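J.: Structure: query.cif, mmCIF, N, CA and C atoms.
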data_data
#
loop_
_atom_site.label_atom_id
_atom_site.label_comp_id
_atom_site.auth_asym_id
_atom_site.auth_seq_id
_atom_site.Cartn_x
_atom_site.Cartn_y
_atom_site.Cartn_z
N MET G 1 0.84 -1.19 0.00
CA MET G 1 0.00 0.00 0.00
C MET G 1 0.88 1.25 0.00
N MET G 2 0.53 2.23 -0.82
CA MET G 2 1.33 3.43 -0.92
C MET G 2 1.15 4.32 0.30
N ASN G 3 2.24 4.88 0.74
CA ASN G 3 2.24 5.79 1.88
C ASN G 3 1.72 7.16 1.43
N THR G 4 0.59 7.59 1.98
CA THR G 4 -0.01 8.86 1.54
C THR G 4 0.86 10.07 1.87
N LEU G 5 1.62 9.99 2.96
CA LEU G 5 2.53 11.11 3.28
C LEU G 5 3.64 11.21 2.25
N LEU G 6 4.15 10.07 1.81
CA LEU G 6 5.19 10.06 0.77
C LEU G 6 4.64 10.63 -0.53
N ILE G 7 3.43 10.23 -0.88
CA ILE G 7 2.81 10.74 -2.11
C ILE G 7 2.64 12.26 -2.02
N GLN G 8 2.12 12.74 -0.89
CA GLN G 8 1.92 14.19 -0.72
C GLN G 8 3.24 14.95 -0.81
N LYS G 9 4.28 14.42 -0.18
CA LYS G 9 5.59 15.07 -0.22
C LYS G 9 6.11 15.12 -1.66
N ARG G 10 5.99 14.01 -2.37
CA ARG G 10 6.46 13.99 -3.76
C ARG G 10 5.64 14.89 -4.66
N GLU G 11 4.33 14.96 -4.43
CA GLU G 11 3.50 15.88 -5.21
C GLU G 11 3.96 17.31 -5.02
N ASP G 12 4.22 17.68 -3.76
CA ASP G 12 4.68 19.04 -3.47
C ASP G 12 6.03 19.33 -4.11
N LEU G 13 6.96 18.38 -4.01
CA LEU G 13 8.30 18.58 -4.56
C LEU G 13 8.34 18.56 -6.08
N SER G 14 7.38 17.90 -6.69
CA SER G 14 7.42 17.74 -8.15
C SER G 14 6.74 18.89 -8.90
N GLU G 15 6.02 19.78 -8.19
CA GLU G 15 5.41 20.89 -8.91
C GLU G 15 6.49 21.62 -9.70
N THR G 16 6.20 21.86 -10.97
CA THR G 16 7.19 22.45 -11.87
C THR G 16 6.62 23.69 -12.52
N ARG G 17 7.40 24.76 -12.53
CA ARG G 17 7.00 26.03 -13.16
C ARG G 17 8.08 26.44 -14.16
N VAL G 18 7.64 26.74 -15.36
CA VAL G 18 8.55 27.18 -16.42
C VAL G 18 7.95 28.43 -17.06
N SER G 19 8.77 29.45 -17.20
CA SER G 19 8.32 30.68 -17.88
C SER G 19 8.96 30.76 -19.26
N LYS G 20 8.18 31.25 -20.20
CA LYS G 20 8.66 31.41 -21.57
C LYS G 20 8.14 32.72 -22.13
N MET G 21 8.82 33.20 -23.12
CA MET G 21 8.39 34.39 -23.86
C MET G 21 7.81 33.92 -25.18
N VAL G 22 6.68 34.48 -25.58
CA VAL G 22 6.06 34.10 -26.85
C VAL G 22 6.62 35.04 -27.93
N PHE G 23 7.48 34.49 -28.77
CA PHE G 23 8.09 35.24 -29.86
C PHE G 23 7.37 34.94 -31.16
N PRO G 24 7.52 35.81 -32.16
CA PRO G 24 6.84 35.60 -33.44
C PRO G 24 7.12 34.25 -34.10
N SER G 25 8.28 33.66 -33.83
CA SER G 25 8.62 32.37 -34.45
C SER G 25 7.73 31.22 -33.94
N THR G 26 7.00 31.45 -32.84
CA THR G 26 6.12 30.41 -32.29
C THR G 26 4.64 30.72 -32.53
N THR G 27 4.37 31.73 -33.36
CA THR G 27 2.97 32.13 -33.57
C THR G 27 2.49 31.82 -34.98
N ASN G 28 1.18 31.83 -35.13
CA ASN G 28 0.56 31.57 -36.42
C ASN G 28 0.25 32.89 -37.15
N HIS G 29 -0.52 32.80 -38.23
CA HIS G 29 -0.82 33.99 -39.03
C HIS G 29 -1.79 34.94 -38.32
N TYR G 30 -2.34 34.52 -37.18
CA TYR G 30 -3.18 35.42 -36.36
C TYR G 30 -2.36 36.11 -35.28
N ASP G 31 -1.04 35.85 -35.28
CA ASP G 31 -0.11 36.42 -34.30
C ASP G 31 -0.41 35.90 -32.89
N THR G 32 -0.89 34.64 -32.82
CA THR G 32 -1.09 33.99 -31.53
C THR G 32 -0.32 32.67 -31.51
N LEU G 33 -0.01 32.18 -30.33
CA LEU G 33 0.78 30.97 -30.17
C LEU G 33 0.12 29.79 -30.89
N PHE G 34 0.91 29.05 -31.67
CA PHE G 34 0.42 27.83 -32.30
C PHE G 34 -0.07 26.88 -31.22
N GLY G 35 -1.22 26.25 -31.43
CA GLY G 35 -1.72 25.27 -30.48
C GLY G 35 -0.75 24.12 -30.29
N GLY G 36 -0.13 23.68 -31.37
CA GLY G 36 0.83 22.58 -31.28
C GLY G 36 2.05 22.94 -30.46
N GLU G 37 2.46 24.20 -30.55
CA GLU G 37 3.60 24.66 -29.74
C GLU G 37 3.22 24.65 -28.27
N ALA G 38 2.00 25.10 -27.95
CA ALA G 38 1.53 25.09 -26.57
C ALA G 38 1.49 23.66 -26.04
N LEU G 39 0.99 22.71 -26.85
CA LEU G 39 0.92 21.31 -26.43
C LEU G 39 2.32 20.74 -26.19
N LYS G 40 3.26 21.10 -27.05
CA LYS G 40 4.65 20.65 -26.88
C LYS G 40 5.21 21.15 -25.55
N TRP G 41 5.03 22.44 -25.28
CA TRP G 41 5.52 23.02 -24.03
C TRP G 41 4.86 22.34 -22.83
N MET G 42 3.55 22.08 -22.94
CA MET G 42 2.82 21.45 -21.84
C MET G 42 3.33 20.03 -21.59
N ASP G 43 3.57 19.27 -22.65
CA ASP G 43 4.07 17.91 -22.50
C ASP G 43 5.46 17.92 -21.85
N GLU G 44 6.30 18.88 -22.24
CA GLU G 44 7.65 18.98 -21.67
C GLU G 44 7.61 19.24 -20.16
N VAL G 45 6.80 20.22 -19.74
CA VAL G 45 6.75 20.56 -18.32
C VAL G 45 6.05 19.44 -17.54
N ALA G 46 5.07 18.77 -18.15
CA ALA G 46 4.41 17.62 -17.50
C ALA G 46 5.41 16.49 -17.30
N TYR G 47 6.26 16.26 -18.30
CA TYR G 47 7.29 15.22 -18.21
C TYR G 47 8.23 15.51 -17.05
N ILE G 48 8.65 16.75 -16.91
CA ILE G 48 9.55 17.12 -15.82
C ILE G 48 8.89 16.84 -14.47
N ALA G 49 7.63 17.27 -14.31
CA ALA G 49 6.93 17.03 -13.05
C ALA G 49 6.77 15.54 -12.77
N ALA G 50 6.41 14.76 -13.79
CA ALA G 50 6.24 13.31 -13.61
C ALA G 50 7.54 12.65 -13.22
N THR G 51 8.64 13.06 -13.86
CA THR G 51 9.95 12.48 -13.55
C THR G 51 10.39 12.88 -12.14
N ARG G 52 10.16 14.12 -11.76
CA ARG G 52 10.52 14.57 -10.41
C ARG G 52 9.72 13.79 -9.36
N PHE G 53 8.48 13.43 -9.69
CA PHE G 53 7.67 12.65 -8.77
C PHE G 53 8.16 11.20 -8.69
N ALA G 54 8.27 10.55 -9.84
CA ALA G 54 8.58 9.12 -9.89
C ALA G 54 10.06 8.82 -9.65
N ARG G 55 10.92 9.71 -10.06
CA ARG G 55 12.37 9.49 -10.00
C ARG G 55 12.77 8.20 -10.70
N ARG G 56 12.10 7.98 -11.84
CA ARG G 56 12.39 6.86 -12.72
C ARG G 56 11.93 7.24 -14.12
N PRO G 57 12.34 6.51 -15.15
CA PRO G 57 11.91 6.86 -16.50
C PRO G 57 10.39 6.80 -16.64
N VAL G 58 9.84 7.80 -17.31
CA VAL G 58 8.41 7.84 -17.61
C VAL G 58 8.24 8.24 -19.07
N VAL G 59 7.10 7.84 -19.65
CA VAL G 59 6.76 8.24 -21.01
C VAL G 59 5.31 8.70 -21.03
N THR G 60 5.02 9.63 -21.94
CA THR G 60 3.65 10.09 -22.12
C THR G 60 2.87 8.97 -22.80
N ILE G 61 1.69 8.65 -22.25
CA ILE G 61 0.87 7.62 -22.88
C ILE G 61 -0.42 8.20 -23.47
N SER G 62 -0.87 9.34 -22.95
CA SER G 62 -2.06 9.97 -23.51
C SER G 62 -2.22 11.36 -22.91
N THR G 63 -3.13 12.10 -23.52
CA THR G 63 -3.52 13.39 -22.94
C THR G 63 -5.01 13.33 -22.65
N GLY G 64 -5.41 14.10 -21.66
CA GLY G 64 -6.83 14.27 -21.40
C GLY G 64 -7.29 15.47 -22.20
N GLN G 65 -8.45 15.95 -21.88
CA GLN G 65 -8.96 17.13 -22.57
C GLN G 65 -8.05 18.32 -22.31
N VAL G 66 -7.78 19.08 -23.35
CA VAL G 66 -7.01 20.32 -23.23
C VAL G 66 -7.94 21.45 -23.64
N ASP G 67 -8.11 22.41 -22.75
CA ASP G 67 -9.00 23.53 -23.01
C ASP G 67 -8.20 24.79 -23.31
N PHE G 68 -8.41 25.32 -24.51
CA PHE G 68 -7.79 26.57 -24.93
C PHE G 68 -8.81 27.67 -24.63
N SER G 69 -8.70 28.27 -23.44
CA SER G 69 -9.69 29.25 -22.99
C SER G 69 -9.48 30.63 -23.59
N ARG G 70 -8.23 30.91 -23.96
CA ARG G 70 -7.90 32.26 -24.39
C ARG G 70 -6.72 32.20 -25.34
N PRO G 71 -6.74 32.96 -26.45
CA PRO G 71 -5.57 32.98 -27.33
C PRO G 71 -4.37 33.61 -26.62
N ILE G 72 -3.19 33.17 -27.01
CA ILE G 72 -1.96 33.69 -26.41
C ILE G 72 -1.23 34.52 -27.46
N PRO G 73 -1.23 35.85 -27.31
CA PRO G 73 -0.62 36.70 -28.34
C PRO G 73 0.91 36.71 -28.27
N SER G 74 1.50 37.06 -29.38
CA SER G 74 2.95 37.26 -29.43
C SER G 74 3.32 38.41 -28.50
N GLY G 75 4.52 38.34 -27.94
CA GLY G 75 5.00 39.43 -27.10
C GLY G 75 4.51 39.38 -25.67
N ILE G 76 4.15 38.20 -25.20
CA ILE G 76 3.64 38.05 -23.84
C ILE G 76 4.44 36.97 -23.13
N ILE G 77 4.47 37.02 -21.80
CA ILE G 77 5.12 35.99 -20.99
C ILE G 77 4.08 34.92 -20.67
N VAL G 78 4.49 33.66 -20.75
CA VAL G 78 3.62 32.58 -20.28
C VAL G 78 4.34 31.84 -19.16
N GLU G 79 3.56 31.37 -18.20
CA GLU G 79 4.09 30.49 -17.17
C GLU G 79 3.31 29.19 -17.24
N LEU G 80 4.04 28.10 -17.36
CA LEU G 80 3.44 26.77 -17.36
C LEU G 80 3.62 26.18 -15.96
N VAL G 81 2.54 25.71 -15.39
CA VAL G 81 2.58 25.12 -14.05
C VAL G 81 2.07 23.69 -14.16
N ALA G 82 2.90 22.74 -13.76
CA ALA G 82 2.54 21.32 -13.82
C ALA G 82 2.58 20.73 -12.42
N ARG G 83 1.57 19.89 -12.13
CA ARG G 83 1.56 19.20 -10.85
C ARG G 83 0.89 17.85 -11.00
N VAL G 84 1.41 16.88 -10.28
CA VAL G 84 0.84 15.53 -10.28
C VAL G 84 -0.48 15.59 -9.51
N VAL G 85 -1.55 15.07 -10.14
CA VAL G 85 -2.87 15.10 -9.50
C VAL G 85 -3.43 13.71 -9.23
N HIS G 86 -2.81 12.68 -9.79
CA HIS G 86 -3.27 11.31 -9.52
C HIS G 86 -2.10 10.35 -9.70
N VAL G 87 -2.02 9.35 -8.81
CA VAL G 87 -0.97 8.35 -8.86
C VAL G 87 -1.60 6.97 -8.85
N GLY G 88 -1.25 6.18 -9.84
CA GLY G 88 -1.66 4.78 -9.89
C GLY G 88 -0.47 3.90 -9.57
N ARG G 89 -0.58 2.62 -9.85
CA ARG G 89 0.53 1.71 -9.56
C ARG G 89 1.73 1.96 -10.48
N THR G 90 1.44 2.14 -11.80
CA THR G 90 2.51 2.39 -12.77
C THR G 90 2.34 3.73 -13.49
N SER G 91 1.24 4.42 -13.21
CA SER G 91 0.94 5.63 -13.99
C SER G 91 0.75 6.86 -13.11
N LEU G 92 0.86 8.00 -13.77
CA LEU G 92 0.68 9.31 -13.13
C LEU G 92 -0.16 10.18 -14.04
N LYS G 93 -0.97 11.05 -13.46
CA LYS G 93 -1.68 12.07 -14.23
C LYS G 93 -1.15 13.42 -13.76
N VAL G 94 -0.77 14.24 -14.74
CA VAL G 94 -0.21 15.56 -14.46
C VAL G 94 -1.13 16.62 -15.05
N GLU G 95 -1.51 17.58 -14.23
CA GLU G 95 -2.31 18.71 -14.69
C GLU G 95 -1.35 19.85 -15.05
N VAL G 96 -1.58 20.44 -16.21
CA VAL G 96 -0.75 21.56 -16.66
C VAL G 96 -1.65 22.75 -16.97
N THR G 97 -1.26 23.90 -16.46
CA THR G 97 -1.98 25.14 -16.75
C THR G 97 -1.00 26.15 -17.30
N ILE G 98 -1.42 26.86 -18.35
CA ILE G 98 -0.61 27.96 -18.88
C ILE G 98 -1.30 29.26 -18.51
N TYR G 99 -0.53 30.12 -17.85
CA TYR G 99 -1.01 31.46 -17.50
C TYR G 99 -0.30 32.46 -18.39
N ILE G 100 -0.99 33.53 -18.75
CA ILE G 100 -0.35 34.60 -19.52
C ILE G 100 -0.19 35.82 -18.64
N GLU G 101 0.92 36.53 -18.87
CA GLU G 101 1.22 37.76 -18.14
C GLU G 101 1.63 38.83 -19.13
N GLU G 102 1.05 39.98 -18.99
CA GLU G 102 1.48 41.10 -19.82
C GLU G 102 2.84 41.57 -19.31
N LEU G 103 3.66 42.06 -20.24
CA LEU G 103 5.01 42.46 -19.88
C LEU G 103 5.06 43.62 -18.89
N PHE G 104 4.18 44.60 -19.06
CA PHE G 104 4.32 45.82 -18.28
C PHE G 104 3.13 46.08 -17.36
N SER G 105 2.49 45.00 -16.90
CA SER G 105 1.42 45.16 -15.91
C SER G 105 1.37 43.90 -15.05
N ASP G 106 0.59 43.94 -14.01
CA ASP G 106 0.44 42.78 -13.13
C ASP G 106 -0.67 41.86 -13.60
N LYS G 107 -1.26 42.14 -14.74
CA LYS G 107 -2.38 41.33 -15.23
C LYS G 107 -1.89 39.92 -15.57
N ARG G 108 -2.63 38.93 -15.04
CA ARG G 108 -2.28 37.52 -15.24
C ARG G 108 -3.59 36.75 -15.35
N GLU G 109 -3.69 35.87 -16.35
CA GLU G 109 -4.90 35.05 -16.46
C GLU G 109 -4.59 33.68 -17.05
N LYS G 110 -5.47 32.74 -16.75
CA LYS G 110 -5.34 31.38 -17.25
C LYS G 110 -5.74 31.36 -18.72
N ALA G 111 -4.91 30.68 -19.54
CA ALA G 111 -5.19 30.61 -20.97
C ALA G 111 -5.47 29.18 -21.44
N ILE G 112 -4.74 28.21 -20.91
CA ILE G 112 -4.87 26.82 -21.37
C ILE G 112 -4.71 25.90 -20.16
N SER G 113 -5.47 24.82 -20.15
CA SER G 113 -5.27 23.80 -19.11
C SER G 113 -5.55 22.42 -19.70
N GLY G 114 -4.87 21.42 -19.16
CA GLY G 114 -5.07 20.06 -19.64
C GLY G 114 -4.36 19.05 -18.77
N HIS G 115 -4.59 17.77 -19.08
CA HIS G 115 -3.98 16.67 -18.33
C HIS G 115 -3.15 15.80 -19.26
N PHE G 116 -2.05 15.32 -18.72
CA PHE G 116 -1.13 14.45 -19.44
C PHE G 116 -0.89 13.21 -18.60
N ASN G 117 -0.98 12.04 -19.23
CA ASN G 117 -0.85 10.77 -18.53
C ASN G 117 0.47 10.11 -18.89
N PHE G 118 1.15 9.62 -17.87
CA PHE G 118 2.47 9.01 -18.02
C PHE G 118 2.46 7.62 -17.40
N VAL G 119 3.37 6.78 -17.88
CA VAL G 119 3.60 5.47 -17.27
C VAL G 119 5.09 5.34 -17.01
N ALA G 120 5.42 4.78 -15.84
CA ALA G 120 6.82 4.50 -15.50
C ALA G 120 7.24 3.25 -16.27
N ILE G 121 8.46 3.25 -16.78
CA ILE G 121 8.94 2.10 -17.56
C ILE G 121 10.27 1.59 -17.00
N ASP G 122 10.51 0.29 -17.23
CA ASP G 122 11.77 -0.32 -16.81
C ASP G 122 12.76 -0.30 -17.98
N GLU G 123 13.89 -0.98 -17.79
CA GLU G 123 14.94 -0.97 -18.83
C GLU G 123 14.50 -1.65 -20.12
N ASP G 124 13.45 -2.48 -20.07
CA ASP G 124 12.91 -3.11 -21.27
C ASP G 124 11.74 -2.31 -21.86
N LYS G 125 11.54 -1.10 -21.34
CA LYS G 125 10.46 -0.20 -21.78
C LYS G 125 9.07 -0.77 -21.51
N LYS G 126 8.97 -1.57 -20.45
CA LYS G 126 7.70 -2.15 -20.00
C LYS G 126 7.23 -1.38 -18.77
N PRO G 127 5.90 -1.26 -18.58
CA PRO G 127 5.40 -0.58 -17.38
C PRO G 127 5.97 -1.20 -16.11
N THR G 128 6.31 -0.33 -15.17
CA THR G 128 6.89 -0.79 -13.89
C THR G 128 6.29 0.03 -12.76
N PRO G 129 6.18 -0.53 -11.57
CA PRO G 129 5.60 0.23 -10.46
C PRO G 129 6.40 1.49 -10.15
N ILE G 130 5.68 2.54 -9.82
CA ILE G 130 6.32 3.80 -9.45
C ILE G 130 7.04 3.65 -8.12
N PHE G 131 6.40 2.98 -7.20
CA PHE G 131 7.00 2.74 -5.89
C PHE G 131 7.39 1.27 -5.81
N PRO G 132 8.61 0.98 -5.33
CA PRO G 132 8.98 -0.43 -5.17
C PRO G 132 8.01 -1.11 -4.21
N GLU G 133 7.72 -2.36 -4.49
CA GLU G 133 6.82 -3.11 -3.61
C GLU G 133 7.46 -3.22 -2.22
N GLU G 134 6.65 -2.95 -1.21
CA GLU G 134 7.17 -3.00 0.16
C GLU G 134 6.94 -4.35 0.78
#
I'd like the structure from this file rewritten - as structure tokens, please.
T.:
Amino acid sequence: MMNTLLIQKREDLSETRVSKMVFPSTTNHYDTLFGGEALKWMDEVAYIAATRFARRPVVTISTGQVDFSRPIPSGIIVELVARVVHVGRTSLKVEVTIYIEELFSDKREKAISGHFNFVAIDEDKKPTPIFPEE
């Protein structure tokens, strides 16, 4: 049985925050961030959080619903926040939210959110328990 205190500690330690600048090279013809670029960034930060939690190799196995609530314009700062929200025997679910911040004001709002699912793998690339059996 998994120790709930250990899980809580690892969830807290694995929260990952990454800030990026949205430059024209990452935007579409509407001058907003490409959806695919946002998904790539989200998967990267989710992977970091999942690895920090599991401390073993993990791979993305699926995504949950991703909600694009607001377009992200060029010339803005984004912060991606990832945290583990569910732990199974071999799998993890990571919630990722992208917030946008204007450069010269304190205005900050949520723009995108979604879930990414990972599985821990062994040296043969087969699913393996996140926590060693006790």
J.: For a test of reading the model, state the distance in Å between atom N of Glu123 of chain G and atom N of Arg56 of chain G, rounded to one decimal.
T.: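 So the answer is 10.9 Å.
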J.: For a test of reading the model, state the distance in Å between atom CA of Arg108 of chain G and atom CA of Val96 of chain G, rounded to one decimal.
T.: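 One can read the atom CA of Arg108 of chain G to atom CA of Val96 of chain G distance as 16.1 Å.
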J.: Please identify all polymer residues within 6 Å of segment 69-85 of chain G, counting only C-alpha atoms, omitting same-chain residues fewer than 2 positions from it, and present them as a VMD selection string.
T.: chain G and resid 11 15 to 24 31 to 33 46 67 93 to 102 111 to 112
J.: Can you tell me, as a list in words, what residues are no more than 7 Å from Asn117 of chain G when counting only C-alpha atoms, ignoring any on the same chain fewer than 3 positions away?
T.: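 Skipping anything fewer than 3 positions along the chain leaves Thr60, Ile61, Ser62, Thr63, Leu92, Lys93 and Val94 of chain G.
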J.: Quick one, how far is atom CA of Lys40 of chain G from atom CA of His86 of chain G?
T.: 21.2 Å
J.: Show me, as AutoDock Vina command-line options, the centre and edge lengths in Å to one decimal of the axis-aligned box that covers every listed atom of segment 88-104 of chain G with 3 Å on each side.
T.:
--center_x 1.4 --center_y 23.9 --center_z -14.9 --size_x 13.4 --size_y 50.4 --size_z 16.7
J.: Let me make sure I understand: among G:Asp12, G:Asp124, G:Ala38, G:Gly114, which one has the smallest atom-to-atom distance to Gly64 of chain G if we use all atoms listed in the file?
T.: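 Closest to Gly64 of chain G of all the choices is G:Gly114.
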J.: Pick out each residue of chain G that DSSP on the backbone tags as strand (DSSP E); I need them as an NGL selection string.
T.: :G and (16-21 or 58-68 or 77-87 or 91-101 or 108-120)
J.: Can I get the selection written as a compact mmCIF listing (two decimals), keeping the file's coordinate frame, with N, CA and C atoms?
T.:
# COMPACT_ATOMS: atom_id res chain seq x y z
N THR G 16 6.20 21.86 -10.97
CA THR G 16 7.19 22.45 -11.87
C THR G 16 6.62 23.69 -12.52
N ARG G 17 7.40 24.76 -12.53
CA ARG G 17 7.00 26.03 -13.16
C ARG G 17 8.08 26.44 -14.16
N VAL G 18 7.64 26.74 -15.36
CA VAL G 18 8.55 27.18 -16.42
C VAL G 18 7.95 28.43 -17.06
N SER G 19 8.77 29.45 -17.20
CA SER G 19 8.32 30.68 -17.88
C SER G 19 8.96 30.76 -19.26
N LYS G 20 8.18 31.25 -20.20
CA LYS G 20 8.66 31.41 -21.57
C LYS G 20 8.14 32.72 -22.13
N MET G 21 8.82 33.20 -23.12
CA MET G 21 8.39 34.39 -23.86
C MET G 21 7.81 33.92 -25.18
N VAL G 58 9.84 7.80 -17.31
CA VAL G 58 8.41 7.84 -17.61
C VAL G 58 8.24 8.24 -19.07
N VAL G 59 7.10 7.84 -19.65
CA VAL G 59 6.76 8.24 -21.01
C VAL G 59 5.31 8.70 -21.03
N THR G 60 5.02 9.63 -21.94
CA THR G 60 3.65 10.09 -22.12
C THR G 60 2.87 8.97 -22.80
N ILE G 61 1.69 8.65 -22.25
CA ILE G 61 0.87 7.62 -22.88
C ILE G 61 -0.42 8.20 -23.47
N SER G 62 -0.87 9.34 -22.95
CA SER G 62 -2.06 9.97 -23.51
C SER G 62 -2.22 11.36 -22.91
N THR G 63 -3.13 12.10 -23.52
CA THR G 63 -3.52 13.39 -22.94
C THR G 63 -5.01 13.33 -22.65
N GLY G 64 -5.41 14.10 -21.66
CA GLY G 64 -6.83 14.27 -21.40
C GLY G 64 -7.29 15.47 -22.20
N GLN G 65 -8.45 15.95 -21.88
CA GLN G 65 -8.96 17.13 -22.57
C GLN G 65 -8.05 18.32 -22.31
N VAL G 66 -7.78 19.08 -23.35
CA VAL G 66 -7.01 20.32 -23.23
C VAL G 66 -7.94 21.45 -23.64
N ASP G 67 -8.11 22.41 -22.75
CA ASP G 67 -9.00 23.53 -23.01
C ASP G 67 -8.20 24.79 -23.31
N PHE G 68 -8.41 25.32 -24.51
CA PHE G 68 -7.79 26.57 -24.93
C PHE G 68 -8.81 27.67 -24.63
N ILE G 77 4.47 37.02 -21.80
CA ILE G 77 5.12 35.99 -20.99
C ILE G 77 4.08 34.92 -20.67
N VAL G 78 4.49 33.66 -20.75
CA VAL G 78 3.62 32.58 -20.28
C VAL G 78 4.34 31.84 -19.16
N GLU G 79 3.56 31.37 -18.20
CA GLU G 79 4.09 30.49 -17.17
C GLU G 79 3.31 29.19 -17.24
N LEU G 80 4.04 28.10 -17.36
CA LEU G 80 3.44 26.77 -17.36
C LEU G 80 3.62 26.18 -15.96
N VAL G 81 2.54 25.71 -15.39
CA VAL G 81 2.58 25.12 -14.05
C VAL G 81 2.07 23.69 -14.16
N ALA G 82 2.90 22.74 -13.76
CA ALA G 82 2.54 21.32 -13.82
C ALA G 82 2.58 20.73 -12.42
N ARG G 83 1.57 19.89 -12.13
CA ARG G 83 1.56 19.20 -10.85
C ARG G 83 0.89 17.85 -11.00
N VAL G 84 1.41 16.88 -10.28
CA VAL G 84 0.84 15.53 -10.28
C VAL G 84 -0.48 15.59 -9.51
N VAL G 85 -1.55 15.07 -10.14
CA VAL G 85 -2.87 15.10 -9.50
C VAL G 85 -3.43 13.71 -9.23
N HIS G 86 -2.81 12.68 -9.79
CA HIS G 86 -3.27 11.31 -9.52
C HIS G 86 -2.10 10.35 -9.70
N VAL G 87 -2.02 9.35 -8.81
CA VAL G 87 -0.97 8.35 -8.86
C VAL G 87 -1.60 6.97 -8.85
N SER G 91 1.24 4.42 -13.21
CA SER G 91 0.94 5.63 -13.99
C SER G 91 0.75 6.86 -13.11
N LEU G 92 0.86 8.00 -13.77
CA LEU G 92 0.68 9.31 -13.13
C LEU G 92 -0.16 10.18 -14.04
N LYS G 93 -0.97 11.05 -13.46
CA LYS G 93 -1.68 12.07 -14.23
C LYS G 93 -1.15 13.42 -13.76
N VAL G 94 -0.77 14.24 -14.74
CA VAL G 94 -0.21 15.56 -14.46
C VAL G 94 -1.13 16.62 -15.05
N GLU G 95 -1.51 17.58 -14.23
CA GLU G 95 -2.31 18.71 -14.69
C GLU G 95 -1.35 19.85 -15.05
N VAL G 96 -1.58 20.44 -16.21
CA VAL G 96 -0.75 21.56 -16.66
C VAL G 96 -1.65 22.75 -16.97
N THR G 97 -1.26 23.90 -16.46
CA THR G 97 -1.98 25.14 -16.75
C THR G 97 -1.00 26.15 -17.30
N ILE G 98 -1.42 26.86 -18.35
CA ILE G 98 -0.61 27.96 -18.88
C ILE G 98 -1.30 29.26 -18.51
N TYR G 99 -0.53 30.12 -17.85
CA TYR G 99 -1.01 31.46 -17.50
C TYR G 99 -0.30 32.46 -18.39
N ILE G 100 -0.99 33.53 -18.75
CA ILE G 100 -0.35 34.60 -19.52
C ILE G 100 -0.19 35.82 -18.64
N GLU G 101 0.92 36.53 -18.87
CA GLU G 101 1.22 37.76 -18.14
C GLU G 101 1.63 38.83 -19.13
N ARG G 108 -2.63 38.93 -15.04
CA ARG G 108 -2.28 37.52 -15.24
C ARG G 108 -3.59 36.75 -15.35
N GLU G 109 -3.69 35.87 -16.35
CA GLU G 109 -4.90 35.05 -16.46
C GLU G 109 -4.59 33.68 -17.05
N LYS G 110 -5.47 32.74 -16.75
CA LYS G 110 -5.34 31.38 -17.25
C LYS G 110 -5.74 31.36 -18.72
N ALA G 111 -4.91 30.68 -19.54
CA ALA G 111 -5.19 30.61 -20.97
C ALA G 111 -5.47 29.18 -21.44
N ILE G 112 -4.74 28.21 -20.91
CA ILE G 112 -4.87 26.82 -21.37
C ILE G 112 -4.71 25.90 -20.16
N SER G 113 -5.47 24.82 -20.15
CA SER G 113 -5.27 23.80 -19.11
C SER G 113 -5.55 22.42 -19.70
N GLY G 114 -4.87 21.42 -19.16
CA GLY G 114 -5.07 20.06 -19.64
C GLY G 114 -4.36 19.05 -18.77
N HIS G 115 -4.59 17.77 -19.08
CA HIS G 115 -3.98 16.67 -18.33
C HIS G 115 -3.15 15.80 -19.26
N PHE G 116 -2.05 15.32 -18.72
CA PHE G 116 -1.13 14.45 -19.44
C PHE G 116 -0.89 13.21 -18.60
N ASN G 117 -0.98 12.04 -19.23
CA ASN G 117 -0.85 10.77 -18.53
C ASN G 117 0.47 10.11 -18.89
N PHE G 118 1.15 9.62 -17.87
CA PHE G 118 2.47 9.01 -18.02
C PHE G 118 2.46 7.62 -17.40
N VAL G 119 3.37 6.78 -17.88
CA VAL G 119 3.60 5.47 -17.27
C VAL G 119 5.09 5.34 -17.01
N ALA G 120 5.42 4.78 -15.84
CA ALA G 120 6.82 4.50 -15.50
C ALA G 120 7.24 3.25 -16.27
J.: Hey, what comes out of the PyMOL selection byres (((chain G and resi 57 and name CA) around 8) and name CA) on this file? Could you write it as a list of chain:residue names?
T.: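 For this structure, the PyMOL selection byres (((chain G and resi 57 and name CA) around 8) and name CA) resolves to G:Thr51, G:Ala54, G:Arg55, G:Arg56, G:Val58, G:Val59, G:Ala120, G:Ile121, G:Asp122.
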J.: Next, the residues of the selection above should be written as a tab-separated table (two decimals), keeping the file's coordinate frame with N, CA and C atoms.
T.:
chain	number	residue	atom	x	y	z
G	51	THR	N	8.64	13.06	-13.86
G	51	THR	CA	9.95	12.48	-13.55
G	51	THR	C	10.39	12.88	-12.14
G	54	ALA	N	8.27	10.55	-9.84
G	54	ALA	CA	8.58	9.12	-9.89
G	54	ALA	C	10.06	8.82	-9.65
G	55	ARG	N	10.92	9.71	-10.06
G	55	ARG	CA	12.37	9.49	-10.00
G	55	ARG	C	12.77	8.20	-10.70
G	56	ARG	N	12.10	7.98	-11.84
G	56	ARG	CA	12.39	6.86	-12.72
G	56	ARG	C	11.93	7.24	-14.12
G	58	VAL	N	9.84	7.80	-17.31
G	58	VAL	CA	8.41	7.84	-17.61
G	58	VAL	C	8.24	8.24	-19.07
G	59	VAL	N	7.10	7.84	-19.65
G	59	VAL	CA	6.76	8.24	-21.01
G	59	VAL	C	5.31	8.70	-21.03
G	120	ALA	N	5.42	4.78	-15.84
G	120	ALA	CA	6.82	4.50	-15.50
G	120	ALA	C	7.24	3.25	-16.27
G	121	ILE	N	8.46	3.25	-16.78
G	121	ILE	CA	8.94	2.10	-17.56
G	121	ILE	C	10.27	1.59	-17.00
G	122	ASP	N	10.51	0.29	-17.23
G	122	ASP	CA	11.77	-0.32	-16.81
G	122	ASP	C	12.76	-0.30	-17.98
J.: If you run DSSP on the backbone here, which positions in segment 41-91 of chain G get alpha helix (DSSP H)? Please write them as a PyMOL selection string.
T.: chain G and resi 41-54
J.: Skipping near chain neighbours, those fewer than 3 positions away, what residues fall within 12 Å of Asn3 of chain G using only C-alpha atoms, listed as a PyMOL selection string?
T.: chain G and resi 6-10+87+131-134
